[in-house]
>>> print(open('work-v2.cif').read())   # mmCIF, C-alpha atoms and all ligand atoms
data_data
#
loop_
_atom_site.label_atom_id
_atom_site.label_comp_id
_atom_site.auth_asym_id
_atom_site.auth_seq_id
_atom_site.Cartn_x
_atom_site.Cartn_y
_atom_site.Cartn_z
CA MET W 1 77.25 51.77 68.65
CA LYS W 2 77.41 47.97 68.90
CA GLN W 3 75.79 47.71 65.47
CA PHE W 4 78.24 50.29 64.07
CA LEU W 5 81.24 48.26 65.33
CA ASN W 6 79.66 44.96 64.28
CA ASP W 7 79.23 46.19 60.72
CA ARG W 8 82.90 47.07 60.53
CA LEU W 9 84.68 44.51 62.70
CA PRO W 10 84.20 40.73 63.09
CA LEU W 11 83.21 41.19 66.76
CA ASP W 12 80.56 38.46 66.79
CA GLY W 13 83.06 35.97 65.40
CA VAL W 14 85.65 36.93 68.01
CA MET W 15 83.11 36.62 70.84
CA ALA W 16 81.88 33.26 69.55
CA HIS W 17 85.49 32.06 69.51
CA LEU W 18 86.09 33.28 73.08
CA ARG W 19 82.87 31.60 74.30
CA LYS W 20 83.96 28.19 73.00
CA PRO W 21 84.12 25.61 75.80
CA LEU W 22 87.47 24.65 77.29
CA PRO W 23 88.29 21.05 78.24
CA LYS W 24 86.58 19.79 81.42
CA HIS W 25 88.28 19.86 84.87
CA ILE W 26 90.60 22.77 84.07
CA ASN W 27 92.01 23.91 87.41
CA LEU W 28 93.81 26.90 88.92
CA LEU W 29 97.16 25.78 87.51
CA PHE W 30 95.83 26.76 84.08
CA SER W 31 95.82 30.38 85.23
CA LEU W 32 99.61 30.50 85.63
CA GLY W 33 100.16 31.49 82.00
CA SER W 34 97.70 34.38 82.35
CA LEU W 35 99.40 35.46 85.56
CA ALA W 36 102.76 35.50 83.75
CA MET W 37 101.19 37.71 81.09
CA PHE W 38 99.72 40.01 83.71
CA LEU W 39 103.16 40.37 85.31
CA LEU W 40 104.76 41.17 81.97
CA LEU W 41 102.20 43.97 81.50
CA LEU W 42 102.73 45.18 85.08
CA GLN W 43 106.50 45.27 84.51
CA ALA W 44 105.99 47.27 81.31
CA ALA W 45 103.68 49.76 83.06
CA THR W 46 105.83 50.25 86.18
CA GLY W 47 109.01 50.31 84.06
CA ALA W 48 107.54 53.06 81.85
CA PHE W 49 106.84 55.10 84.98
CA LEU W 50 110.38 54.56 86.36
CA ALA W 51 111.90 55.52 82.99
CA LEU W 52 110.40 59.02 83.37
CA SER W 53 112.92 59.82 86.10
CA TYR W 54 115.81 57.45 85.34
CA SER W 55 119.01 58.35 83.52
CA PRO W 56 121.29 55.60 82.15
CA SER W 57 124.70 57.12 82.87
CA PRO W 58 127.17 56.16 85.61
CA ASP W 59 127.10 59.77 86.87
CA HIS W 60 123.33 59.93 87.28
CA ALA W 61 121.80 56.45 87.50
CA HIS W 62 122.31 55.93 91.24
CA ASN W 63 121.12 59.45 92.07
CA ALA W 64 118.10 58.97 89.83
CA VAL W 65 117.12 55.77 91.65
CA THR W 66 117.55 57.50 95.01
CA TYR W 67 115.42 60.37 93.71
CA ILE W 68 112.70 57.97 92.51
CA THR W 69 112.73 56.22 95.89
CA ASN W 70 112.69 59.32 98.10
CA GLU W 71 111.21 62.21 96.10
CA VAL W 72 108.96 61.07 93.26
CA PRO W 73 105.31 60.68 94.38
CA PHE W 74 104.60 56.93 94.68
CA GLY W 75 108.13 56.37 93.30
CA ASN W 76 109.06 53.98 96.11
CA PHE W 77 105.83 52.03 95.63
CA VAL W 78 106.22 51.73 91.86
CA ARG W 79 109.88 50.76 92.20
CA GLY W 80 108.83 48.14 94.75
CA LEU W 81 106.17 46.76 92.39
CA HIS W 82 108.76 46.56 89.59
CA HIS W 83 111.38 44.91 91.82
CA TRP W 84 109.11 42.30 93.43
CA GLY W 85 107.18 41.88 90.17
CA ALA W 86 110.40 40.72 88.48
CA SER W 87 110.94 38.03 91.11
CA ALA W 88 107.27 37.03 90.96
CA MET W 89 107.49 36.69 87.20
CA VAL W 90 110.41 34.27 87.43
CA ILE W 91 108.53 32.19 90.04
CA ILE W 92 105.27 32.16 88.06
CA VAL W 93 107.03 31.27 84.78
CA PHE W 94 108.88 28.47 86.61
CA LEU W 95 105.58 27.10 88.01
CA HIS W 96 103.93 27.46 84.59
CA ILE W 97 106.71 25.35 83.01
CA LEU W 98 106.30 22.79 85.78
CA ARG W 99 102.54 22.57 85.12
CA VAL W 100 103.11 22.16 81.39
CA VAL W 101 105.70 19.41 82.02
CA LEU W 102 103.70 17.52 84.65
CA TYR W 103 100.54 17.47 82.48
CA GLY W 104 102.53 16.57 79.34
CA SER W 105 101.10 19.67 77.62
CA TYR W 106 104.30 20.14 75.57
CA LYS W 107 103.59 17.00 73.54
CA ALA W 108 102.42 16.97 69.91
CA PRO W 109 100.91 19.09 68.43
CA ARG W 110 102.09 21.78 70.93
CA GLU W 111 105.85 21.56 70.31
CA LEU W 112 106.05 25.06 68.84
CA THR W 113 104.07 26.54 71.74
CA TRP W 114 106.70 24.99 74.01
CA VAL W 115 109.67 26.27 71.97
CA VAL W 116 108.26 29.82 71.99
CA GLY W 117 107.75 29.38 75.75
CA VAL W 118 111.42 28.49 76.29
CA LEU W 119 112.40 31.62 74.34
CA LEU W 120 110.09 33.57 76.68
CA LEU W 121 111.90 32.04 79.65
CA LEU W 122 115.23 33.30 78.24
CA VAL W 123 113.73 36.75 77.67
CA THR W 124 112.41 36.77 81.26
CA LEU W 125 115.89 35.95 82.59
CA GLY W 126 117.34 38.54 80.20
CA PHE W 127 115.09 41.19 81.77
CA GLY W 128 116.44 40.19 85.19
CA PHE W 129 120.09 40.28 84.13
CA THR W 130 119.92 43.61 82.30
CA GLY W 131 117.71 45.28 84.92
CA TYR W 132 120.05 44.36 87.76
CA LEU W 133 122.75 46.77 86.52
CA LEU W 134 120.49 49.81 86.19
CA PRO W 135 120.62 51.12 89.81
CA TRP W 136 124.43 51.27 89.35
CA ASP W 137 125.17 50.35 92.94
CA GLU W 138 127.93 48.03 94.14
CA LYS W 139 125.97 44.81 93.82
CA ALA W 140 124.68 45.79 90.38
CA TYR W 141 128.13 46.62 89.09
CA TRP W 142 130.03 43.62 90.43
CA ALA W 143 127.34 41.05 89.63
CA THR W 144 127.34 42.35 86.06
CA VAL W 145 131.14 42.18 85.85
CA VAL W 146 131.00 38.54 86.94
CA GLY W 147 128.00 37.74 84.70
CA ILE W 148 129.78 39.11 81.63
CA GLU W 149 133.00 37.33 82.58
CA ILE W 150 131.07 34.08 82.75
CA SER W 151 129.56 34.66 79.30
CA SER W 152 133.07 35.27 77.94
CA THR W 153 134.10 31.69 78.82
CA ALA W 154 131.80 30.28 76.13
CA PRO W 155 133.83 28.80 73.28
CA VAL W 156 134.09 30.65 69.94
CA LEU W 157 131.52 33.42 70.54
CA GLY W 158 132.12 34.02 74.25
CA ASP W 159 134.56 36.90 73.82
CA VAL W 160 132.44 38.57 71.16
CA VAL W 161 129.31 38.34 73.33
CA ALA W 162 131.20 39.79 76.31
CA LYS W 163 132.57 42.65 74.19
CA VAL W 164 129.18 43.44 72.69
CA LEU W 165 127.55 43.46 76.13
CA ARG W 166 130.28 45.61 77.69
CA GLY W 167 130.73 47.87 74.68
CA GLY W 168 134.41 48.14 75.59
CA ALA W 169 137.12 46.63 77.73
CA GLU W 170 135.41 47.42 81.04
CA VAL W 171 131.91 47.62 82.43
CA GLY W 172 131.16 51.35 82.20
CA ALA W 173 129.00 54.03 80.60
CA VAL W 174 128.50 52.16 77.33
CA THR W 175 127.57 48.96 79.19
CA LEU W 176 124.94 50.84 81.15
CA SER W 177 123.46 52.39 77.98
CA ARG W 178 123.39 48.99 76.29
CA PHE W 179 121.77 47.25 79.22
CA TYR W 180 119.20 50.04 79.43
CA ALA W 181 118.42 49.75 75.71
CA LEU W 182 118.15 45.96 75.96
CA HIS W 183 115.98 46.21 79.07
CA THR W 184 113.59 48.87 77.79
CA ILE W 185 113.48 48.41 74.01
CA TRP W 186 114.89 45.15 72.65
CA LEU W 187 113.60 42.72 75.26
CA PRO W 188 110.09 44.24 75.56
CA TRP W 189 109.60 44.08 71.78
CA LEU W 190 110.85 40.52 71.76
CA ALA W 191 108.71 39.59 74.75
CA PHE W 192 105.47 41.03 73.34
CA GLY W 193 106.14 39.50 69.92
CA LEU W 194 106.79 36.09 71.48
CA VAL W 195 103.77 36.34 73.81
CA GLY W 196 101.60 37.19 70.77
CA LEU W 197 102.90 34.09 68.97
CA HIS W 198 102.51 31.96 72.13
CA LEU W 199 98.87 33.05 72.52
CA PHE W 200 98.13 32.52 68.84
CA LEU W 201 99.45 28.95 69.06
CA ILE W 202 97.53 28.32 72.30
CA ARG W 203 94.24 29.47 70.73
CA PHE W 204 95.03 27.61 67.49
CA TYR W 205 95.58 24.21 69.15
CA GLY W 206 93.22 24.82 72.08
CA SER W 207 94.08 23.97 75.66
CA SER W 208 95.59 20.52 76.20
CA GLY W 209 93.35 19.97 79.23
CA LEU W 210 94.06 17.35 81.86
CA PRO W 211 95.87 14.12 80.97
CA LYS W 212 92.92 12.06 82.18
CA ASN W 213 90.40 13.89 79.93
CA THR W 214 88.46 11.78 77.43
CA SER W 215 87.85 13.18 73.93
CA GLU W 216 84.30 14.01 75.06
CA ASP W 217 85.70 15.96 78.05
CA MET W 218 87.84 18.05 75.72
CA LYS W 219 84.89 20.06 74.41
CA THR W 220 82.40 20.13 77.27
CA GLY W 221 84.06 22.30 79.92
CA LYS W 222 83.29 25.87 80.94
CA PRO W 223 83.67 28.63 78.31
CA PHE W 224 86.91 30.65 78.20
CA TYR W 225 84.81 33.83 78.37
CA PRO W 226 83.45 34.73 80.87
CA ASP W 227 84.22 31.82 83.28
CA GLN W 228 87.98 31.29 82.80
CA VAL W 229 88.60 35.01 82.26
CA PHE W 230 86.85 35.73 85.59
CA GLU W 231 89.08 33.22 87.44
CA ASP W 232 92.20 34.62 85.79
CA VAL W 233 91.25 38.19 86.79
CA VAL W 234 90.66 37.12 90.42
CA GLY W 235 94.14 35.50 90.38
CA MET W 236 95.64 38.72 88.98
CA LEU W 237 93.99 40.84 91.70
CA ILE W 238 95.28 38.54 94.45
CA LEU W 239 98.79 38.59 92.93
CA PHE W 240 98.67 42.37 92.67
CA GLY W 241 97.62 42.55 96.34
CA VAL W 242 100.62 40.44 97.38
CA LEU W 243 103.00 42.56 95.29
CA ALA W 244 101.50 45.79 96.63
CA CYS W 245 102.09 44.59 100.22
CA ALA W 246 105.69 43.66 99.32
CA ALA W 247 106.19 47.08 97.68
CA LEU W 248 104.79 48.87 100.76
CA PHE W 249 106.47 46.88 103.51
CA ALA W 250 109.66 45.33 102.05
CA PRO W 251 112.13 48.04 101.03
CA VAL W 252 114.03 47.49 97.79
CA PRO W 253 117.78 47.41 98.51
CA LEU W 254 120.08 50.09 97.11
CA GLU W 255 123.75 49.86 98.05
CA ASP W 256 126.45 52.53 97.71
CA VAL W 257 127.17 53.84 94.25
CA ALA W 258 129.27 51.44 92.14
CA ASP W 259 132.99 51.72 92.77
CA PRO W 260 134.97 49.99 90.00
CA THR W 261 138.11 50.13 92.17
CA ASN W 262 136.53 48.21 95.04
CA ALA W 263 137.88 44.79 94.09
CA ASP W 264 137.15 43.58 97.64
CA TYR W 265 133.42 43.50 96.92
CA ASP W 266 131.91 40.00 97.16
CA PRO W 267 129.41 39.92 94.30
CA ARG W 268 126.08 38.11 94.45
CA PRO W 269 123.64 37.87 91.55
CA GLU W 270 119.86 38.20 91.90
CA TRP W 271 118.39 35.14 93.66
CA TYR W 272 117.17 33.48 90.47
CA PHE W 273 120.75 33.26 89.16
CA LEU W 274 122.09 31.92 92.46
CA SER W 275 121.79 28.28 91.35
CA LEU W 276 124.09 28.97 88.39
CA PHE W 277 126.44 30.97 90.58
CA GLN W 278 126.59 28.14 93.13
CA LEU W 279 127.25 25.61 90.37
CA LEU W 280 130.48 27.44 89.49
CA LYS W 281 131.88 26.62 92.90
CA TYR W 282 132.04 22.92 92.15
CA PHE W 283 134.14 23.28 89.02
CA GLN W 284 137.60 24.74 89.29
CA GLY W 285 140.62 25.04 86.98
CA PRO W 286 140.24 23.15 83.68
CA PHE W 287 136.73 21.96 84.69
CA GLU W 288 135.47 25.49 85.19
CA ILE W 289 133.89 25.60 81.76
CA LEU W 290 131.55 22.79 82.84
CA GLY W 291 129.94 25.14 85.35
CA THR W 292 130.12 28.33 83.33
CA PHE W 293 129.05 27.00 79.95
CA VAL W 294 128.56 23.28 79.37
CA ILE W 295 125.96 22.41 82.04
CA PRO W 296 123.79 25.56 81.62
CA THR W 297 123.89 25.32 77.81
CA VAL W 298 123.16 21.59 77.64
CA GLY W 299 120.37 22.07 80.22
CA MET W 300 118.79 24.83 78.15
CA LEU W 301 119.08 22.84 74.91
CA LEU W 302 117.47 19.78 76.53
CA LEU W 303 114.65 22.02 77.76
CA LEU W 304 114.23 23.57 74.31
CA PHE W 305 114.07 20.22 72.52
CA LEU W 306 112.12 18.36 75.20
CA PRO W 307 109.02 17.76 73.03
CA PHE W 308 111.21 16.29 70.29
CA LEU W 309 113.14 14.06 72.72
CA ASP W 310 110.06 12.74 74.52
CA ARG W 311 107.87 11.49 71.70
CA SER W 312 105.61 9.18 73.70
CA GLU W 313 101.93 10.08 73.72
CA ARG W 314 101.40 9.18 77.38
CA LYS W 315 100.48 12.19 79.49
CA VAL W 316 99.44 10.74 82.83
CA LEU W 317 102.36 11.36 85.16
CA TRP W 318 102.62 7.98 86.89
CA LYS W 319 102.91 6.32 83.48
CA ARG W 320 105.93 8.54 82.68
CA PRO W 321 108.52 7.47 85.29
CA ILE W 322 111.51 8.94 83.42
CA ALA W 323 109.85 12.35 82.98
CA MET W 324 108.83 12.31 86.64
CA THR W 325 112.34 11.40 87.86
CA VAL W 326 114.16 13.91 85.62
CA THR W 327 111.75 16.72 86.56
CA SER W 328 112.10 15.96 90.29
CA VAL W 329 115.92 15.86 90.08
CA CYS W 330 116.00 19.18 88.18
CA VAL W 331 113.64 20.91 90.61
CA VAL W 332 115.55 19.63 93.67
CA ALA W 333 118.88 20.65 92.07
CA ILE W 334 117.71 24.17 91.16
CA VAL W 335 116.03 24.82 94.52
CA GLY W 336 118.89 23.20 96.47
CA LEU W 337 121.62 25.15 94.65
CA THR W 338 119.65 28.37 95.12
CA ILE W 339 119.38 27.78 98.88
CA LEU W 340 123.08 26.87 99.13
CA GLY W 341 123.99 30.00 97.14
CA ALA W 342 121.76 32.21 99.29
CA THR W 343 123.12 30.90 102.57
CA ALA W 344 126.82 30.87 101.58
CA PRO W 345 128.71 33.26 103.87
CA LYS W 346 129.80 36.57 102.42
CA LEU W 347 133.51 36.99 101.86
CA GLU W 348 135.36 39.33 104.18
CA THR W 349 138.39 39.30 101.94
CA GLN W 350 139.20 37.57 98.74
CA GLU W 351 141.32 34.64 97.97
CA GLU W 352 144.66 35.05 96.37
CA THR W 353 144.80 33.94 92.78
CA ALA W 354 148.19 32.40 92.22
CA GLN W 355 148.11 32.53 88.43
CA PRO W 356 145.45 34.73 86.91
CA THR W 357 144.28 33.28 83.61
CA ASP W 358 141.84 34.37 80.94
CA GLU W 359 139.13 32.26 82.50
CA VAL W 360 136.83 33.08 85.39
CA GLN W 361 138.74 32.26 88.52
CA GLN W 362 137.70 31.90 92.09
CA VAL W 363 134.25 33.33 91.73
CA THR W 364 133.66 31.17 94.74
CA PRO W 365 134.27 31.96 98.35
CA THR W 366 136.12 29.20 100.16
CA ASP W 367 134.97 27.67 103.39
CA THR W 368 138.11 28.67 105.22
CA GLU W 369 138.74 32.34 105.86
CA PRO W 370 141.38 33.38 103.33
CA GLU W 371 144.16 35.69 104.38
CA ALA W 372 144.23 39.16 102.91
CA THR W 373 147.10 39.67 100.50
CA GLU W 374 148.17 42.53 98.31
CA GLU W 375 147.27 40.70 95.13
CA GLU W 376 143.82 39.58 96.05
CA ASP W 377 141.63 38.92 93.07
CA VAL W 378 138.38 37.06 93.04
CA PHE W 379 137.98 37.07 89.28
CA ASP W 380 140.27 36.46 86.40
CA PHE W 381 140.22 40.10 85.45
CA GLN W 382 142.61 42.49 87.04
CA LEU W 383 142.32 46.26 86.75
CA THR W 384 145.46 47.94 85.54
CA GLU W 385 146.73 51.03 87.36
CA GLU W 386 145.61 53.17 84.42
CA GLU W 387 142.10 51.77 84.67
CA ILE W 388 142.00 52.40 88.41
CA GLU W 389 143.16 55.99 87.88
CA GLY W 390 140.55 56.42 85.12
CA ALA W 391 137.81 55.09 87.38
CA LYS W 392 138.88 57.42 90.20
CA GLU W 393 138.70 60.39 87.83
CA VAL W 394 135.19 59.37 86.76
CA GLY W 395 134.23 59.15 90.43
CA GLU W 396 135.69 62.56 91.26
CA GLU W 397 134.04 64.21 88.25
CA SER W 398 130.63 62.88 89.23
CA GLN W 399 130.84 64.28 92.76
C1 LIG B 401 106.35 35.42 79.75
C2 LIG B 401 106.20 34.12 79.79
C3 LIG B 401 104.93 33.33 79.42
C4 LIG B 401 103.64 33.74 79.23
C5 LIG B 401 103.11 35.17 79.33
C6 LIG B 401 102.86 32.57 78.91
C7 LIG B 401 101.48 32.57 78.69
C8 LIG B 401 100.71 31.43 78.54
C9 LIG B 401 99.28 31.36 78.57
C10 LIG B 401 98.33 32.56 78.81
C11 LIG B 401 98.89 30.07 78.39
C12 LIG B 401 97.45 29.48 78.39
C13 LIG B 401 97.01 29.18 79.84
C14 LIG B 401 97.86 28.12 80.53
O1 LIG B 401 97.93 26.98 80.04
O2 LIG B 401 98.44 28.45 81.58
C15 LIG B 401 100.11 29.31 78.14
C16 LIG B 401 100.15 27.96 77.80
C17 LIG B 401 101.32 27.28 77.46
N1 LIG B 401 102.60 27.71 77.70
FE1 LIG B 401 103.12 29.55 78.30
N2 LIG B 401 103.68 31.49 78.88
C18 LIG B 401 104.95 31.91 79.20
C19 LIG B 401 106.06 31.11 79.31
C20 LIG B 401 106.12 29.76 78.94
C21 LIG B 401 107.26 28.93 79.05
C22 LIG B 401 108.59 29.40 79.64
C23 LIG B 401 106.92 27.70 78.53
C24 LIG B 401 107.76 26.48 78.37
C25 LIG B 401 109.03 26.39 78.56
C26 LIG B 401 105.55 27.76 78.10
C27 LIG B 401 104.84 26.75 77.47
C28 LIG B 401 103.48 26.72 77.30
C29 LIG B 401 102.72 25.63 76.70
C30 LIG B 401 103.28 24.35 76.06
C31 LIG B 401 101.36 25.98 76.79
C32 LIG B 401 100.14 25.19 76.30
C33 LIG B 401 99.54 24.49 77.50
C34 LIG B 401 98.27 23.78 77.21
O3 LIG B 401 97.75 23.84 76.08
O4 LIG B 401 97.79 23.13 78.15
N3 LIG B 401 105.08 29.02 78.39
N4 LIG B 401 101.19 30.16 78.26
#
>>> encode(input="work-v2.cif", output="structure tokens", more="lines below")
Ligand code: HEM
Amino acid sequence: MKQFLNDRLPLDGVMAHLRKPLPKHINLLFSLGSLAMFLLLLQAATGAFLALSYSPSPDHAHNAVTYITNEVPFGNFVRGLHHWGASAMVIIVFLHILRVVLYGSYKAPRELTWVVGVLLLLVTLGFGFTGYLLPWDEKAYWATVVGIEISSTAPVLGDVVAKVLRGGAEVGAVTLSRFYALHTIWLPWLAFGLVGLHLFLIRFYGSSGLPKNTSEDMKTGKPFYPDQVFEDVVGMLILFGVLACAALFAPVPLEDVADPTNADYDPRPEWYFLSLFQLLKYFQGPFEILGTFVIPTVGMLLLLFLPFLDRSERKVLWKRPIAMTVTSVCVVAIVGLTILGATAPKLETQEETAQPTDEVQQVTPTDTEPEATEEEDVFDFQLTEEEIEGAKEVGEESQ
């Protein structure tokens, strides 16, 4: 059999390539990329299972998720794996970026590997944003309304992006279909294509190794197969064990079915968007666009072009004081804003918006307890009476 395959496929060549030695001193941090890949595969597998019983329509989505949780054999477990796996993926990708930055692995000739990586980060966040709406509960609905409103504040294309995402004037049936299609077709194709390209570039340039490695060290480490593969698989099994415990013992939240008329709801995004959400609170009125668009976009562009901005060849961290300072400030800011966002008190009522405008308004709770008024409105958007009636009819029909 081996001979049969060998005569037809370049198996020996592939194995010889995989057995090539890696750089010396490669440590556990070099398994983070493989763990991210494992999580992407786990998300695809658990997502495919969930899709068997899910239905992307406002009338059925919430019921379907309840059904998966309570009735489908192992449904609760698989949903748990998918839910906690998404969070784990964001954490692992974040740590992977940190490793690549701290070891200077983004530097020439690996700029393209880095750029593809940043695109993978956006795809990972895209999975989180689109998946959050699918259970169609209160938090899903209102977080999506706010998320789309924020995207609409971008200059020039903002409105178009918001309209395309919503598929109409309001978040509704078309939005849910679109998010489902993005989550289960568009983003997975993109993710697997980008991962393929990322891996090709990694194998093409070889691992960057440790900054302190000499040129001799670069070709005298352990082989990728079987040594590194074995370590990666052990890491995957441990990660799976942690996720399985989370899926068994930490229930995945599901709130009441989305009620588009419940403008009193205090929306919160998933934890990995909390830093952005918290940022909005510091920019009000004409400065709002700084929080909604300018800072996140400039931050992302700086990340994307990092290898072209930092052209020095030095990789050892203590000889790169600027890189070290900027990285520390960014990490402290992201973690700090996330904690502040997570611990901010929930709103009982919402603040009155004196003059609703076309921009996102008052997404932020205030420290003082606002008084309830008849015209409370936490966002810039205001449902018209017709829309409220329409939403009520949809609700009645689905009962
Ligand atoms: C789904 C997301 C991702 C997957 C599956 C993935 C996968 C991998 C794998 C398997 C490796 C080789 C092992 C390692 O060095 O850890 C790697 C290396 C690398 N990744 Fe990623 N990655 C992802 C996201 C990212 C992101 C977001 C960035 C940067 C913003 C990035 C930049 C890099 C770079 C520059 C290398 C080469 C490191 C070196 O040669 O030492 N990756 N990635």
>>> residues_near_ligand(input="work-v2.cif", ligand="ligand LIG 401 (chain B)", cutoff="6 Å", atoms="all atoms listed in the file", output="count of residues only")
24
>>> closest_atom_pairs(input="work-v2.cif", of="stretch 86-184 of chain W", to="stretch 255-261 of chain W", cutoff="6 Å", atoms="all atoms listed in the file", output="tab-separated table")
residue	atom	partner	partner_atom	distance
W:Trp136	CA	W:Ala258	CA	5.6
W:Asp137	CA	W:Val257	CA	4.2
W:Glu138	CA	W:Ala258	CA	4.2
W:Tyr141	CA	W:Ala258	CA	5.8
>>> residues_around(input="work-v2.cif", residues="stretch 290-292 of chain W", least_positions_apart="4", cutoff="7 Å", atoms="all atoms listed in the file", output="VMD selection string")
chain W and resid 150 153 279 to 280 283
>>> atom_distance(input="work-v2.cif", atom1="atom CA of W:Gly167", atom2="atom CA of W:His60")
18.9 Å
>>> closest_atom_pairs(input="work-v2.cif", of="stretch 201-256 of chain W", to="stretch 10-19 of chain W", cutoff="7 Å", atoms="only C-alpha atoms", output="JSON lines")
{"residue": "W:Pro223", "atom": "CA", "partner": "W:Arg19", "partner_atom": "CA", "distance": 5.1}
{"residue": "W:Phe224", "atom": "CA", "partner": "W:Arg19", "partner_atom": "CA", "distance": 5.7}
{"residue": "W:Tyr225", "atom": "CA", "partner": "W:Arg19", "partner_atom": "CA", "distance": 5.0}
>>> closest_residue(input="work-v2.cif", among="W:Thr297, W:Gln228, W:Thr338, W:Asn262", to="W:Phe277", atoms="all atoms listed in the file")
W:Thr338
>>> closest_residue(input="work-v2.cif", among="W:Val160, W:Glu313, W:Asn76, W:Val116", to="W:Leu190", atoms="all atoms listed in the file")
W:Val116
>>> atom_distance(input="work-v2.cif", atom1="atom CA of W:Leu303", atom2="atom CA of W:Arg320")
16.8 Å
>>> atom_distance(input="work-v2.cif", atom1="atom CA of W:Leu187", atom2="atom CA of W:Leu133")
15.1 Å
>>> closest_residue(input="work-v2.cif", among="W:Ala86, W:Leu194, W:Leu29, W:Pro296", to="W:Tyr272", atoms="only C-alpha atoms")
W:Ala86
>>> closest_residue(input="work-v2.cif", among="W:Val78, W:Val101, W:Val123, W:Ile26", to="W:Pro251", atoms="only C-alpha atoms")
W:Val78
>>> closest_residue(input="work-v2.cif", among="W:Phe74, W:Gly126, W:Phe204, W:Ala342", to="W:Ser275", atoms="all atoms listed in the file")
W:Ala342
>>> residues_around(input="work-v2.cif", residues="W:Ala181", least_positions_apart="2", cutoff="12 Å", atoms="all atoms listed in the file", output="count of residues only")
21
>>> decode(input="work-v2.cif", residues="stretch 20-35 of chain W", atoms="N, CA and C atoms", output="PDB file, in the first residue's frame")
ATOM      1  N   LYS W  20      12.348  18.101   8.608  1.00  0.00           N
ATOM      2  CA  LYS W  20      13.435  19.099   8.655  1.00  0.00           C
ATOM      3  C   LYS W  20      13.529  19.698  10.046  1.00  0.00           C
ATOM      4  N   PRO W  21      14.732  19.970  10.539  1.00  0.00           N
ATOM      5  CA  PRO W  21      14.839  20.516  11.897  1.00  0.00           C
ATOM      6  C   PRO W  21      14.341  21.956  11.985  1.00  0.00           C
ATOM      7  N   LEU W  22      13.722  22.246  13.127  1.00  0.00           N
ATOM      8  CA  LEU W  22      13.287  23.616  13.430  1.00  0.00           C
ATOM      9  C   LEU W  22      14.470  24.352  14.066  1.00  0.00           C
ATOM     10  N   PRO W  23      14.346  25.653  14.277  1.00  0.00           N
ATOM     11  CA  PRO W  23      15.408  26.345  15.033  1.00  0.00           C
ATOM     12  C   PRO W  23      15.485  25.808  16.454  1.00  0.00           C
ATOM     13  N   LYS W  24      16.665  25.930  17.084  1.00  0.00           N
ATOM     14  CA  LYS W  24      16.863  25.458  18.463  1.00  0.00           C
ATOM     15  C   LYS W  24      16.041  26.300  19.444  1.00  0.00           C
ATOM     16  N   HIS W  25      15.791  25.744  20.623  1.00  0.00           N
ATOM     17  CA  HIS W  25      15.168  26.446  21.764  1.00  0.00           C
ATOM     18  C   HIS W  25      13.703  26.824  21.537  1.00  0.00           C
ATOM     19  N   ILE W  26      13.057  26.263  20.534  1.00  0.00           N
ATOM     20  CA  ILE W  26      11.643  26.614  20.329  1.00  0.00           C
ATOM     21  C   ILE W  26      10.841  26.171  21.553  1.00  0.00           C
ATOM     22  N   ASN W  27      10.020  27.060  22.077  1.00  0.00           N
ATOM     23  CA  ASN W  27       9.315  26.747  23.331  1.00  0.00           C
ATOM     24  C   ASN W  27       7.805  26.601  23.113  1.00  0.00           C
ATOM     25  N   LEU W  28       7.090  26.485  24.235  1.00  0.00           N
ATOM     26  CA  LEU W  28       5.639  26.230  24.157  1.00  0.00           C
ATOM     27  C   LEU W  28       4.873  27.351  23.450  1.00  0.00           C
ATOM     28  N   LEU W  29       5.427  28.570  23.509  1.00  0.00           N
ATOM     29  CA  LEU W  29       4.725  29.695  22.873  1.00  0.00           C
ATOM     30  C   LEU W  29       4.599  29.500  21.362  1.00  0.00           C
ATOM     31  N   PHE W  30       5.451  28.635  20.812  1.00  0.00           N
ATOM     32  CA  PHE W  30       5.378  28.370  19.367  1.00  0.00           C
ATOM     33  C   PHE W  30       4.252  27.387  19.029  1.00  0.00           C
ATOM     34  N   SER W  31       3.538  26.938  20.059  1.00  0.00           N
ATOM     35  CA  SER W  31       2.376  26.074  19.792  1.00  0.00           C
ATOM     36  C   SER W  31       1.086  26.896  19.705  1.00  0.00           C
ATOM     37  N   LEU W  32       1.156  28.196  20.000  1.00  0.00           N
ATOM     38  CA  LEU W  32      -0.084  28.984  20.027  1.00  0.00           C
ATOM     39  C   LEU W  32      -0.771  29.040  18.663  1.00  0.00           C
ATOM     40  N   GLY W  33       0.040  29.140  17.590  1.00  0.00           N
ATOM     41  CA  GLY W  33      -0.544  29.154  16.249  1.00  0.00           C
ATOM     42  C   GLY W  33      -1.292  27.858  15.963  1.00  0.00           C
ATOM     43  N   SER W  34      -0.689  26.725  16.345  1.00  0.00           N
ATOM     44  CA  SER W  34      -1.353  25.435  16.115  1.00  0.00           C
ATOM     45  C   SER W  34      -2.621  25.327  16.950  1.00  0.00           C
ATOM     46  N   LEU W  35      -2.576  25.883  18.153  1.00  0.00           N
ATOM     47  CA  LEU W  35      -3.787  25.840  18.992  1.00  0.00           C
ATOM     48  C   LEU W  35      -4.901  26.682  18.355  1.00  0.00           C
TER      49      LEU W  35
END
